[in-house]
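Chemist: The following block contains the structure, expressed as C-alpha cells.
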Amino acid sequence: MLMIKAENIVKKIKSGNSETELLSGVSLEVENGKAAAIIGKSGCGKTTLMSILSGIDAPTSGKAILNGSDYYSLDVKKQEEFRNNNIGVIFQNYHLIPELTCEENIRMPLVFSKKKISDDEVINVMKMTGIDRQRKLFPRQMSGGEQQRTAIARALVNKPSLIFADEPTGALDAEMGNKVIKFLIASAHKLNLTVLIVTHDMDIAGQCDIIYKMQDKKVQKLPSQQR
Amino acid sequence: MNRIIFFLKLNHKNKSRSILLFIVFLIAASVLSSSLLIRKNNRLFYEAQLSSSFGDSIASAEEFRTLSDSIGAVLSVLSICGVIILIWGALVLFLFRDLCMRGTYAICRIYGMHTSDIYFKAAADTVIYGILSGIPGSMLGYLMFALLSKRLSGIGAGFSIFSFDVLSVLALVTVILVIVSGMTSLVSGMFVFEKKIVNIFYERNETSNYKKTIYTAISGLFLCYLALFISFGNDIRYLKIVAVVIAVPAFMLFVIFRLVFTVGTKKYRNRKNPVNIRDLSFRFLCTKHKRDAILAATVSVGAILICFIMNIEFNIDGILRDAYRDNLGYSTGIRVDGIENAQEISKLLDDNGYLYTQMYSNLMNYSDLNGCENMEGQFWIALVGKQTADNAHFFVEKGCFKAVNHFIYLFSLIKGNKYDFFGNDLYFTDVSNETQALSLINYNVIMNIDDYGYSTDSSWSVVYLLDINKTQEQNLAQLLKNKPCKIETASSLISELNNLLGNYLLFAAFVGIMLVMVTAAFFYSIIKNDIEERRRELYLYKVFGGSQKKSMQVIFGEYIMVALVSSLSVVFVIMALGEIYFMYMLKRHYPLSIVVTVLTTLIVTAFVMLCCHTAQRAAQKSGNITCLRDE
C-alpha cells in the first residue's frame, strides 16, 4: 500500500513583485514499511518538499496523499487530527521545547491525542531511543545526540504511521548520525512505519530502501545500481 | 496531562514574567475594588470626611454631592487609567511571551495542537491572573478602602467583607480581570497562531491575515468597555479623554519616529563602515524601525505625561486658586459678625484701597413673594451693595436680577422679561453660577440692594468678596486680625483640599506603580527578547575577539540612543509646543518649568538604561545567549 504519494506538486512563493518556483511538478511514492531518502544539493527544494509532505506547508498545486487521504483537501481541524494520529516529524535542529524536560517533550503529542498510550509504552519508547536516563533533564542540559534521540522518541510516542525526518543527522557527528539513521530505518521495518528522510549525504541515503534525487525542482527515483 | 495543565506548565516556566503579571493584576484588582467600594458608599464617608476638613464651609447636602462627585470623578479617572494600563500591560506581556514561544507553539501545532486550543491557553491564563490574582487583589482593595475610611472619617469600613455589597464589588472586579486576562491572552495567542508554521520555523516574512485577531481584539475591548460601564456608570466618559490624551500622541509619535529612523538608516548606510562600538550601535539603530519607533514613542509619551503631571504639581496652588476663583467668583471672603459691624469693615477696606463686592444674604420663604402666599419652601436671596465691575459672578445692575436654574424652573422665568420682585419690577437678565460648594455666600437669587424695597436687619448676614493674590490675603488677614469678622481665603481652603486629596494619593501611587511596572516590563521584555534573538550576533563578536562586555555594550548603546533621541525630542516638543498644549489643557497660562522638563528627560533615560541593564544581566544569567545550541 502506498503511504506517501506526491502527485505533481508545484510550489511557488511570492517575493515582492516576483514569483519564484521552488518545486515544479514533483511526484513520488513510498510504500508502507519502507524507508525512503530524498537527496540533493543545498537549496534545491528538499526541505520545501518535506514541509509539504509532512503537512505543514500547502502546495501551490498538486496533491499529497498520505495514508490514503488527500491531506490538503481536508479541513483544518481534520488536518490537525491527521497530523497528530499519523505523522511524526524530526528536524535537523531538534526543535525541543526548552521549558519542558526530556520526558515532557516526549509526552507532548499525547496532550493533543485521543489515542490511549500508557505510561509503560512511553517508557518503552524512551528505552528504545536510549534516553530514559535523561528524562528529567532539560534540553540545554543534554548533548546534541541526546536531544535528537528525544526528538525521535517524541516522533514515535504516538504510534504514527509516517515519520518525516529533515536532515536528522545534520547537527551530529558521523558516528552518532549513523546510529540515528540505523535506528530510524530499523524502526521503519520493525514497527511497520513509513520513513522519509531528507539528506544531502549519499552514505545515509544509501541505507534506505528507496532514493529520490532532487534536481531542477523535480525528483527522480534512483535505480538500485546508482546508489 | 490534560490541555489546561499542559498550558499552565508551559506558559509559566518564565517565573519572572509570570510574577510580574501576577503583581500587575493584583494591584489593578485592589485599585478597582477600593475605588468601587468608595463610590458605592461615598455619601456616608464623604460627609464625615468633608465636614471634618471643611466644617462650616459646607452647608448643604448639594454641596457635599458636588465635592463628593468631584472626588469620585478623580477616583474614577484613576481607576480607568489603571484598567487601561492593565489591558496594555497584559497584552504586551502576553504578546512577548507568545512571540518568544512561537517556535514551541509551532511544534505543538505540527503534533496536532488545534487552533482552538488557544482557548485552553487563554483559560490557563485566566485561572492564574484573572481568578487567582483577582480574588486576593479585590480583598486587598477592601483593606485599602477600610484603611482610607478609617484615616479620613475615623469610622472604618463599616461593612463586613462578607456583606452582599462588598461581595458583589469583589465579584465584579474579578469578572473584569477575567475578561481582561482571557481576551488579552486570546488576542496574543491568535496573533502568533495566524502565522504559518513553516514561516515560523524557517523565519520567513509573511503578510498574515489578522482579521480574526482584530475581530477578537475589538470584541474584547467592547466587553471591557461594557464591564467598566457597569462599574463606573457615567464616569466612563473620562475614558474618552484618557484615551485621546495617551493614544493620539503615541500614534503620532510612532509615525514620526518611524519616518525619522527609516530616513536615518537610508542616509547612514551609504557613509562609512563602523569602526568602533558607538558606530556599530548606531549602525544597528534604526534597522528595526518598528521596534525602535514603538520604544521611542513609549518613552516620549511617558516623558510628556510625567512632565505635564510634574508641571501641574509645580503649579498646583495657582491652578486650584484659579479654579476656586473661576467657580466661586472670588478668592477671599470676609463674613462679618453682625450687620452692625459692616460699616467698620467697609471703612477699613476702603481706607486700605481694597476693591470688593459687598453682599447681604438671607433665607426667605417663597410665601414672602407676591402671588406665592401658599407656596412652601425657602430660598436664599443675595443683595449686592457696593460692587466692582471685575466681579462678573455677582455683578447686577439696578433694575435687574439673576437667578439659579432651580429658581428659574420653579417660576418659569424667561430671560428679558420683567417680574415683580420685592416691590419692584425687575428684568431677569442672567442665569447665575450654580457652584456654591465651599462658598461663603449662598444664593438662589441675586439683585441690587437699591431694588430691594425693604430694610435689612440683624437676620441678614454680610459678606465681602474680594479677588486678591496670596500676599494681599496675608496683609488683609493682618489688617482684620482682631476685628469682628471671619476671613476665608482660597489659600486656606486649597491647603485643606490638598490635604484631603493627598489622602487619595494612595490610589494615584498604586496606579503610578502599575504604570512603572508595566512600562519596565515592556522595556525589559522587548530588550531581553531582542538580546536572545541576537545571540548568534553576540557569539560572533566573541568569536572575532570581542569580550562579552563589549558585545553587550553594542546593544546597550543602541537602546540608550533610542532613549536619548526620544527624550531629547520630548524636550524640544515640550519647549516649543508644550506651553500651548498646557495652556489648552488648563485653559490658562501657567509657565512650564525648564528644570522639570530637563529632569524628566534625565529620569526617563535613566529608567530605560536601568531596564536595558537589567534585561542584559537577566539574559546573561539565563545562559541562553552564551549557548548557541538550538532547542
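Going through the C-alpha cells in order, the chains are called A, B, and so on, while each chain numbers its residues from 1 and the ligands are numbered from 1 in the order shown.
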Kindly provide the residues of chain A that approach chain B to within 7 Å, each paired with its closest atom pair and their distance in Å to one decimal, based on only C-alpha atoms, listed by chain and increasing number, as a Markdown table.
Modeler:
```
| residue | atom | partner | partner_atom | distance |
| --- | --- | --- | --- | --- |
| A:Ile56 | CA | B:Val198 | CA | 6.2 |
| A:Asp57 | CA | B:Val198 | CA | 6.1 |
| A:Lys77 | CA | B:His114 | CA | 6.7 |
| A:Glu80 | CA | B:Gly112 | CA | 4.7 |
| A:Glu81 | CA | B:Gly112 | CA | 5.7 |
| A:Arg83 | CA | B:Gly112 | CA | 5.5 |
| A:Asn84 | CA | B:Gly112 | CA | 4.2 |
| A:Asn93 | CA | B:Asp630 | CA | 5.9 |
| A:Tyr94 | CA | B:Glu631 | CA | 6.3 |
| A:His95 | CA | B:Glu631 | CA | 5.1 |
| A:Leu96 | CA | B:Glu631 | CA | 5.1 |
| A:Ile97 | CA | B:Thr104 | CA | 5.6 |
| A:Pro98 | CA | B:Glu631 | CA | 6.1 |
| A:Glu99 | CA | B:Lys13 | CA | 6.0 |
| A:Pro109 | CA | B:Tyr111 | CA | 5.4 |
| A:Val111 | CA | B:Asn2 | CA | 6.0 |
| A:Phe112 | CA | B:Met113 | CA | 5.7 |
| A:Pro139 | CA | B:Glu631 | CA | 6.5 |
```
Chemist: Residues of the last selection are to be written out with C-alpha atoms, as a short mmCIF file (atom, residue, chain, number, x, y, z; two decimals), in the first residue's frame.
Modeler:
```cif
data_model
loop_
_atom_site.label_atom_id
_atom_site.label_comp_id
_atom_site.auth_asym_id
_atom_site.auth_seq_id
_atom_site.Cartn_x
_atom_site.Cartn_y
_atom_site.Cartn_z
CA ILE A 56 2.93 21.99 7.43
CA ASP A 57 3.01 23.91 4.16
CA LYS A 77 -9.35 20.51 12.10
CA GLU A 80 -4.60 18.73 12.75
CA GLU A 81 -6.09 15.39 13.82
CA ARG A 83 -1.01 15.07 11.86
CA ASN A 84 -1.46 14.03 15.47
CA ASN A 93 17.62 21.46 14.86
CA TYR A 94 15.55 19.14 17.08
CA HIS A 95 13.01 21.90 17.99
CA LEU A 96 12.55 20.65 21.52
CA ILE A 97 10.58 22.83 23.89
CA PRO A 98 13.13 24.41 26.22
CA GLU A 99 10.61 24.91 29.02
CA PRO A 109 1.98 14.85 21.33
CA VAL A 111 -1.65 16.01 25.17
CA PHE A 112 -3.45 16.54 21.87
CA PRO A 139 17.22 20.30 26.52
#
```
Chemist: I'd like to know which residues of region 43-180 of chain A are helix (DSSP H, G or I) (by DSSP, run on the backbone); could you write them as a VMD selection string?
Modeler: chain A and resid 46 to 53 71 to 73 76 to 86 102 to 111 119 to 128 132 to 134 139 to 141 144 to 156 174 to 180
Chemist: Here is a test: counting only C-alpha atoms, which residue of A:Val125, A:Val180, A:Val157, A:Ile9 is nearest to Gly25 (chain A)?
Modeler: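 Closest candidate: A:Ile9.
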Chemist: Hey, what does DSSP flag as strand (DSSP E) within region 22-171 of chain A? Can you give it to me as a ChimeraX atom specification?
Modeler: /A:22-31,35-39,61-66,69-70,87-90,162-166
Chemist: Just N, CA and C atoms for this one: save the residues we selected as an mmCIF file, in the first residue's frame.
Modeler:
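The result, stored in again_12.cif:
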```cif
data_model
loop_
_atom_site.group_PDB
_atom_site.id
_atom_site.type_symbol
_atom_site.label_atom_id
_atom_site.label_comp_id
_atom_site.auth_asym_id
_atom_site.auth_seq_id
_atom_site.Cartn_x
_atom_site.Cartn_y
_atom_site.Cartn_z
ATOM 1 N N LEU A 22 9.688 26.971 -6.540
ATOM 2 C CA LEU A 22 10.612 26.125 -5.790
ATOM 3 C C LEU A 22 10.509 24.662 -6.245
ATOM 4 N N LEU A 23 9.294 24.254 -6.528
ATOM 5 C CA LEU A 23 9.087 22.890 -6.995
ATOM 6 C C LEU A 23 8.208 22.956 -8.252
ATOM 7 N N SER A 24 8.605 22.200 -9.253
ATOM 8 C CA SER A 24 7.766 22.273 -10.461
ATOM 9 C C SER A 24 7.327 20.870 -10.882
ATOM 10 N N GLY A 25 6.315 20.414 -10.217
ATOM 11 C CA GLY A 25 5.705 19.131 -10.589
ATOM 12 C C GLY A 25 6.460 17.929 -10.028
ATOM 13 N N VAL A 26 6.484 17.833 -8.690
ATOM 14 C CA VAL A 26 7.188 16.711 -8.044
ATOM 15 C C VAL A 26 6.207 15.570 -7.809
ATOM 16 N N SER A 27 6.623 14.390 -8.214
ATOM 17 C CA SER A 27 5.791 13.197 -7.963
ATOM 18 C C SER A 27 6.666 12.108 -7.379
ATOM 19 N N LEU A 28 6.216 11.480 -6.312
ATOM 20 C CA LEU A 28 6.947 10.346 -5.763
ATOM 21 C C LEU A 28 5.992 9.435 -5.007
ATOM 22 N N GLU A 29 6.469 8.216 -4.719
ATOM 23 C CA GLU A 29 5.655 7.257 -3.979
ATOM 24 C C GLU A 29 6.535 6.509 -3.003
ATOM 25 N N VAL A 30 5.973 6.225 -1.833
ATOM 26 C CA VAL A 30 6.686 5.396 -0.868
ATOM 27 C C VAL A 30 5.698 4.394 -0.291
ATOM 28 N N GLU A 31 6.104 3.134 -0.274
ATOM 29 C CA GLU A 31 5.182 2.104 0.212
ATOM 30 C C GLU A 31 5.261 1.974 1.726
ATOM 31 N N ALA A 35 11.727 2.729 3.998
ATOM 32 C CA ALA A 35 12.434 3.971 4.309
ATOM 33 C C ALA A 35 12.910 4.579 2.997
ATOM 34 N N ALA A 36 12.559 5.820 2.760
ATOM 35 C CA ALA A 36 12.958 6.489 1.525
ATOM 36 C C ALA A 36 13.798 7.714 1.866
ATOM 37 N N ALA A 37 14.697 8.062 0.965
ATOM 38 C CA ALA A 37 15.528 9.248 1.172
ATOM 39 C C ALA A 37 15.374 10.180 -0.007
ATOM 40 N N ILE A 38 15.443 11.438 0.266
ATOM 41 C CA ILE A 38 15.483 12.444 -0.810
ATOM 42 C C ILE A 38 16.825 13.150 -0.666
ATOM 43 N N ILE A 39 17.633 13.084 -1.703
ATOM 44 C CA ILE A 39 18.932 13.746 -1.645
ATOM 45 C C ILE A 39 18.963 14.875 -2.653
ATOM 46 N N SER A 61 -0.022 23.866 -6.130
ATOM 47 C CA SER A 61 -0.934 22.930 -6.815
ATOM 48 C C SER A 61 -0.377 21.523 -6.641
ATOM 49 N N GLY A 62 -1.209 20.549 -6.939
ATOM 50 C CA GLY A 62 -0.778 19.163 -6.763
ATOM 51 C C GLY A 62 -1.396 18.558 -5.520
ATOM 52 N N LYS A 63 -1.133 17.267 -5.332
ATOM 53 C CA LYS A 63 -1.764 16.569 -4.202
ATOM 54 C C LYS A 63 -0.712 15.866 -3.356
ATOM 55 N N ALA A 64 -0.980 15.790 -2.083
ATOM 56 C CA ALA A 64 -0.151 14.985 -1.176
ATOM 57 C C ALA A 64 -1.081 13.952 -0.551
ATOM 58 N N ILE A 65 -0.955 12.696 -1.004
ATOM 59 C CA ILE A 65 -1.867 11.656 -0.492
ATOM 60 C C ILE A 65 -1.111 10.858 0.560
ATOM 61 N N LEU A 66 -1.545 10.983 1.773
ATOM 62 C CA LEU A 66 -0.854 10.362 2.900
ATOM 63 C C LEU A 66 -1.788 9.349 3.538
ATOM 64 N N SER A 69 -5.267 9.367 2.322
ATOM 65 C CA SER A 69 -6.084 10.593 2.348
ATOM 66 C C SER A 69 -5.407 11.711 1.589
ATOM 67 N N ASP A 70 -6.236 12.454 0.823
ATOM 68 C CA ASP A 70 -5.711 13.647 0.166
ATOM 69 C C ASP A 70 -5.635 14.720 1.247
ATOM 70 N N ILE A 87 1.410 11.327 11.865
ATOM 71 C CA ILE A 87 2.706 11.888 11.450
ATOM 72 C C ILE A 87 3.614 12.175 12.634
ATOM 73 N N GLY A 88 4.884 11.830 12.454
ATOM 74 C CA GLY A 88 5.916 12.253 13.398
ATOM 75 C C GLY A 88 6.989 12.984 12.595
ATOM 76 N N VAL A 89 7.476 14.104 13.105
ATOM 77 C CA VAL A 89 8.448 14.906 12.352
ATOM 78 C C VAL A 89 9.719 15.079 13.180
ATOM 79 N N ILE A 90 10.845 14.915 12.505
ATOM 80 C CA ILE A 90 12.143 15.116 13.179
ATOM 81 C C ILE A 90 12.901 16.167 12.390
ATOM 82 N N LEU A 162 3.619 7.480 9.783
ATOM 83 C CA LEU A 162 4.572 8.157 8.902
ATOM 84 C C LEU A 162 5.584 8.940 9.741
ATOM 85 N N ILE A 163 6.837 8.833 9.345
ATOM 86 C CA ILE A 163 7.874 9.653 10.002
ATOM 87 C C ILE A 163 8.584 10.449 8.920
ATOM 88 N N PHE A 164 8.672 11.751 9.135
ATOM 89 C CA PHE A 164 9.419 12.613 8.222
ATOM 90 C C PHE A 164 10.624 13.159 8.978
ATOM 91 N N ALA A 165 11.783 13.003 8.413
ATOM 92 C CA ALA A 165 12.998 13.473 9.085
ATOM 93 C C ALA A 165 13.764 14.395 8.137
ATOM 94 N N ASP A 166 13.896 15.644 8.555
ATOM 95 C CA ASP A 166 14.585 16.643 7.726
ATOM 96 C C ASP A 166 16.015 16.805 8.232
#
```
Chemist: May I have the residues within 9 Å of Val175 (chain B) as a ChimeraX atom specification, using only C-alpha atoms and disregarding those fewer than 2 positions away in the same chain?
Modeler: /B:130-131,134,170-173,177-180,227
Chemist: Which polymer residues have any atom within 10 Å of an atom of Ile181 (chain A), counting only C-alpha atoms, with same-chain residues fewer than 5 positions away left out, as a PyMOL selection string?
Modeler: chain A and resi 165+168-169+176+186-187+197+204-205+207-208
Chemist: Taking N, CA and C atoms for each residue, export the selection above as a CSV table (one decimal), in the first residue's frame.
Modeler:
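And here is the file that came out, again-v5.csv:
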```csv
chain,number,residue,atom,x,y,z
A,165,ALA,N,11.8,13.0,8.4
A,165,ALA,CA,13.0,13.5,9.1
A,165,ALA,C,13.8,14.4,8.1
A,168,PRO,N,18.1,14.7,9.8
A,168,PRO,CA,18.2,14.4,11.2
A,168,PRO,C,19.6,14.3,11.8
A,169,THR,N,20.6,14.1,10.9
A,169,THR,CA,21.9,13.9,11.4
A,169,THR,C,22.8,15.1,11.1
A,176,MET,N,27.4,9.2,15.5
A,176,MET,CA,26.1,9.3,16.1
A,176,MET,C,25.0,9.4,15.0
A,186,ALA,N,15.6,0.9,11.1
A,186,ALA,CA,15.2,-0.4,11.8
A,186,ALA,C,13.7,-0.2,12.3
A,187,SER,N,13.4,1.0,12.8
A,187,SER,CA,12.1,1.3,13.3
A,187,SER,C,11.0,1.1,12.2
A,197,ILE,N,13.3,10.4,4.6
A,197,ILE,CA,14.4,11.2,5.2
A,197,ILE,C,15.0,12.1,4.1
A,204,ILE,N,24.2,8.2,3.9
A,204,ILE,CA,22.9,8.0,4.7
A,204,ILE,C,21.8,7.5,3.8
A,205,ALA,N,21.7,8.2,2.6
A,205,ALA,CA,20.7,7.8,1.7
A,205,ALA,C,20.8,6.4,1.2
A,207,GLN,N,21.5,3.8,2.8
A,207,GLN,CA,21.0,2.8,3.7
A,207,GLN,C,19.5,2.7,3.6
A,208,CYS,N,18.8,3.6,2.8
A,208,CYS,CA,17.4,3.5,2.7
A,208,CYS,C,16.9,2.6,1.6
```
Chemist: Nearest to Asp457 (chain B): which of B:Asn391, B:Asn362, B:Ser138, B:Ser346 is it, counting only C-alpha atoms?
Modeler: B:Asn362
Chemist: What lies within 12 Å of Leu320 (chain B) using only C-alpha atoms, ignoring chain neighbours under 2 positions off, as a list in words?
Modeler: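 The neighbour list is Ile312, Glu313, Phe314, Asn315, Ile316, Asp317, Gly318, Asp322, Ala323, Tyr324, Arg325, Asp326, Asn327, Leu328, Ser331, Ala490, Ser491, Ser492, Leu493, Ile494, Ser495, Glu496, Leu497, Asn498, Leu501, Leu586, Arg588 and Tyr590 of chain B.
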Chemist: Using only C-alpha atoms, which residues sit within 9 Å of Glu579 (chain B) once same-chain residues fewer than 6 positions away are excluded, as number ranges by chain?
Modeler: B: 589-592
